Amino acid sequence: DAGVIQSPRHEVTEMGQEVTLRCKPISGHDYLFWYRQTMMRGLELLIYFNNNVPIDDSGMPEDRFSAKMPNASFSTLKIQPSEPRDSAVYFCASRFGLAGGPYVYEQFFGPGTRLTVL
Amino acid sequence: EDQVTQSPEALRLQEGESSSLNCSYTVSGLRGLFWYRQDPGKGPEFLFTLYSAGEEKEKERLKATLTKKESFLHITAPKPEDSATYLCAVREDYGNKLVFGAGTILRVKS
């Protein structure tokens with residue numbers, strides 16, 4: 001299994017530009033999570049999807065952030081317009097949705113996208 | 001109030017010097033405590049899940065334990081390759097979210 005795939009791995013952009021981060025979850029996983037990691041705030045959940053439907057976006061910092069999951073194998077996180085304070089590492093994670101098993105709640109993370117907004 | 005607190009923030013050990021990392025939590029209905037390892041420039045890698053007080057899990061030099069208020073990650077005779085940031089996370093009630101602690105940065109010197 002290829003694991004969770006994220007692209008690009010690094011993104012450098014200027015303030016005000018649109019940024020799109022991409023994620024391919026592990027095949028068969030029906031939960032997808034977007035996180036942001038910074039030194040100050042650690043790992044924070046932004047939004048998560050179940051069966052391609054956004055379930056909880058309470059962690060999305062503001063309207064400049066949006067996320068979509070058009071199908072089971074692809075999700076995007078978009079920032080428009082980007083600001084320097086958005087600089088962070090963004091992770092995508094996925095997991096199985098089958099309830100009742102003992103080991104179905106652990107999430108598997110991708111390698112992350114390091115975003116720098118100048 | 002922080003739900004998940006990890007200590008120490010950083011730990012330096014000599015190779016072979018055993019120690020423990022702590023993760024204390026304040027969630028009311030724990031439905032899983034998770035340990036992850038994160039290497040620089042990489043995503044968190046799943047290590048263990050613990051569900052009940054008294055439960056223990058082992059993997060190589062690592063052993064995770066759980067009480068009603070905290071979890072410990074014991075590292076026995078660590079090697080330099082054990083150097084990483086160790087994160088713990090909790091799942092509260094029957095939700096789908098994991099709340100992560102700030103992590104402990106472990107450095108093992110040969």
# chains A, B, ... in the order shown; residues from 1 in each chain; ligands from 1
>>> residues_around(residues="B:Tyr86", least_positions_apart="3", cutoff="9 Å", atoms="only C-alpha atoms", output="mmCIF file with N, CA, C and O atoms, in the first residue's frame")
data_model
loop_
_atom_site.group_PDB
_atom_site.id
_atom_site.type_symbol
_atom_site.label_atom_id
_atom_site.label_comp_id
_atom_site.auth_asym_id
_atom_site.auth_seq_id
_atom_site.Cartn_x
_atom_site.Cartn_y
_atom_site.Cartn_z
ATOM 1 N N LEU B 21 8.090 8.646 29.079
ATOM 2 C CA LEU B 21 7.417 9.874 28.672
ATOM 3 C C LEU B 21 5.993 9.818 29.224
ATOM 4 O O LEU B 21 5.388 8.747 29.290
ATOM 5 N N TRP B 35 -0.613 6.680 20.655
ATOM 6 C CA TRP B 35 0.769 7.158 20.618
ATOM 7 C C TRP B 35 1.260 7.124 19.171
ATOM 8 O O TRP B 35 1.052 6.134 18.444
ATOM 9 N N TYR B 36 1.934 8.217 18.812
ATOM 10 C CA TYR B 36 2.523 8.337 17.483
ATOM 11 C C TYR B 36 3.977 8.741 17.632
ATOM 12 O O TYR B 36 4.363 9.424 18.582
ATOM 13 N N ARG B 37 4.752 8.371 16.635
ATOM 14 C CA ARG B 37 6.142 8.815 16.516
ATOM 15 C C ARG B 37 6.239 9.715 15.284
ATOM 16 O O ARG B 37 5.692 9.378 14.230
ATOM 17 N N GLN B 38 6.939 10.840 15.414
ATOM 18 C CA GLN B 38 7.122 11.731 14.273
ATOM 19 C C GLN B 38 8.592 12.052 14.092
ATOM 20 O O GLN B 38 9.225 12.626 14.980
ATOM 21 N N ASP B 39 9.109 11.694 12.933
ATOM 22 C CA ASP B 39 10.488 12.040 12.579
ATOM 23 C C ASP B 39 10.490 13.381 11.856
ATOM 24 O O ASP B 39 9.493 13.750 11.227
ATOM 25 N N PRO B 44 3.224 11.989 11.330
ATOM 26 C CA PRO B 44 3.167 11.085 12.490
ATOM 27 C C PRO B 44 2.940 9.637 12.061
ATOM 28 O O PRO B 44 2.120 9.367 11.180
ATOM 29 N N LEU B 73 4.833 6.194 28.117
ATOM 30 C CA LEU B 73 5.559 5.478 27.066
ATOM 31 C C LEU B 73 6.949 5.193 27.624
ATOM 32 O O LEU B 73 7.755 6.110 27.808
ATOM 33 N N ALA B 102 1.277 18.296 22.731
ATOM 34 C CA ALA B 102 2.332 19.054 22.057
ATOM 35 C C ALA B 102 3.541 18.196 21.703
ATOM 36 O O ALA B 102 4.367 18.605 20.885
ATOM 37 N N GLY B 103 3.642 17.029 22.335
ATOM 38 C CA GLY B 103 4.741 16.132 21.999
ATOM 39 C C GLY B 103 5.926 16.222 22.940
ATOM 40 O O GLY B 103 6.113 17.228 23.643
ATOM 41 N N THR B 104 6.715 15.165 22.967
ATOM 42 C CA THR B 104 8.004 15.133 23.664
ATOM 43 C C THR B 104 9.083 14.851 22.637
ATOM 44 O O THR B 104 9.000 13.861 21.902
ATOM 45 N N ILE B 105 10.078 15.738 22.600
ATOM 46 C CA ILE B 105 11.196 15.548 21.673
ATOM 47 C C ILE B 105 12.243 14.698 22.381
ATOM 48 O O ILE B 105 12.800 15.106 23.402
ATOM 49 N N LEU B 106 12.506 13.531 21.868
ATOM 50 C CA LEU B 106 13.479 12.611 22.465
ATOM 51 C C LEU B 106 14.750 12.583 21.617
ATOM 52 O O LEU B 106 14.694 12.392 20.404
#
>>> select_by_dssp(residues="chain B", states="strand (DSSP E or B)", output="count of residues only")
63
>>> closest_residue(among="B:Arg12, B:Lys97, B:Lys68, B:Lys42", to="A:Ile47", atoms="only C-alpha atoms")
B:Lys97
>>> residues_around(residues="A:Phe65", least_positions_apart="4", cutoff="9 Å", atoms="only C-alpha atoms", output="ChimeraX atom specification")
/A:60-61,77-82
>>> atom_distance(atom1="atom CA of B:Arg91", atom2="atom CA of B:Lys57")
17.5 Å
>>> interface_residues(of="chain A", to="chain B", cutoff="7 Å", atoms="only C-alpha atoms", output="list in words")
Gly42, Leu43, Phe108, Phe109, Gly110, Pro111 and Gly112 of chain A
>>> closest_residue(among="B:Val90, B:Pro78, B:Leu30, B:Cys23", to="B:Thr65", atoms="only C-alpha atoms")
B:Cys23
>>> atom_distance(atom1="atom CA of A:Gly3", atom2="atom CA of A:Lys24")
8.6 Å
>>> atom_distance(atom1="atom CA of B:Ser7", atom2="atom CA of B:Pro40")
19.3 Å
>>> closest_residue(among="B:Asn22, B:Ala53, B:Leu11, B:Lys69", to="B:Asp82", atoms="only C-alpha atoms")
B:Leu11
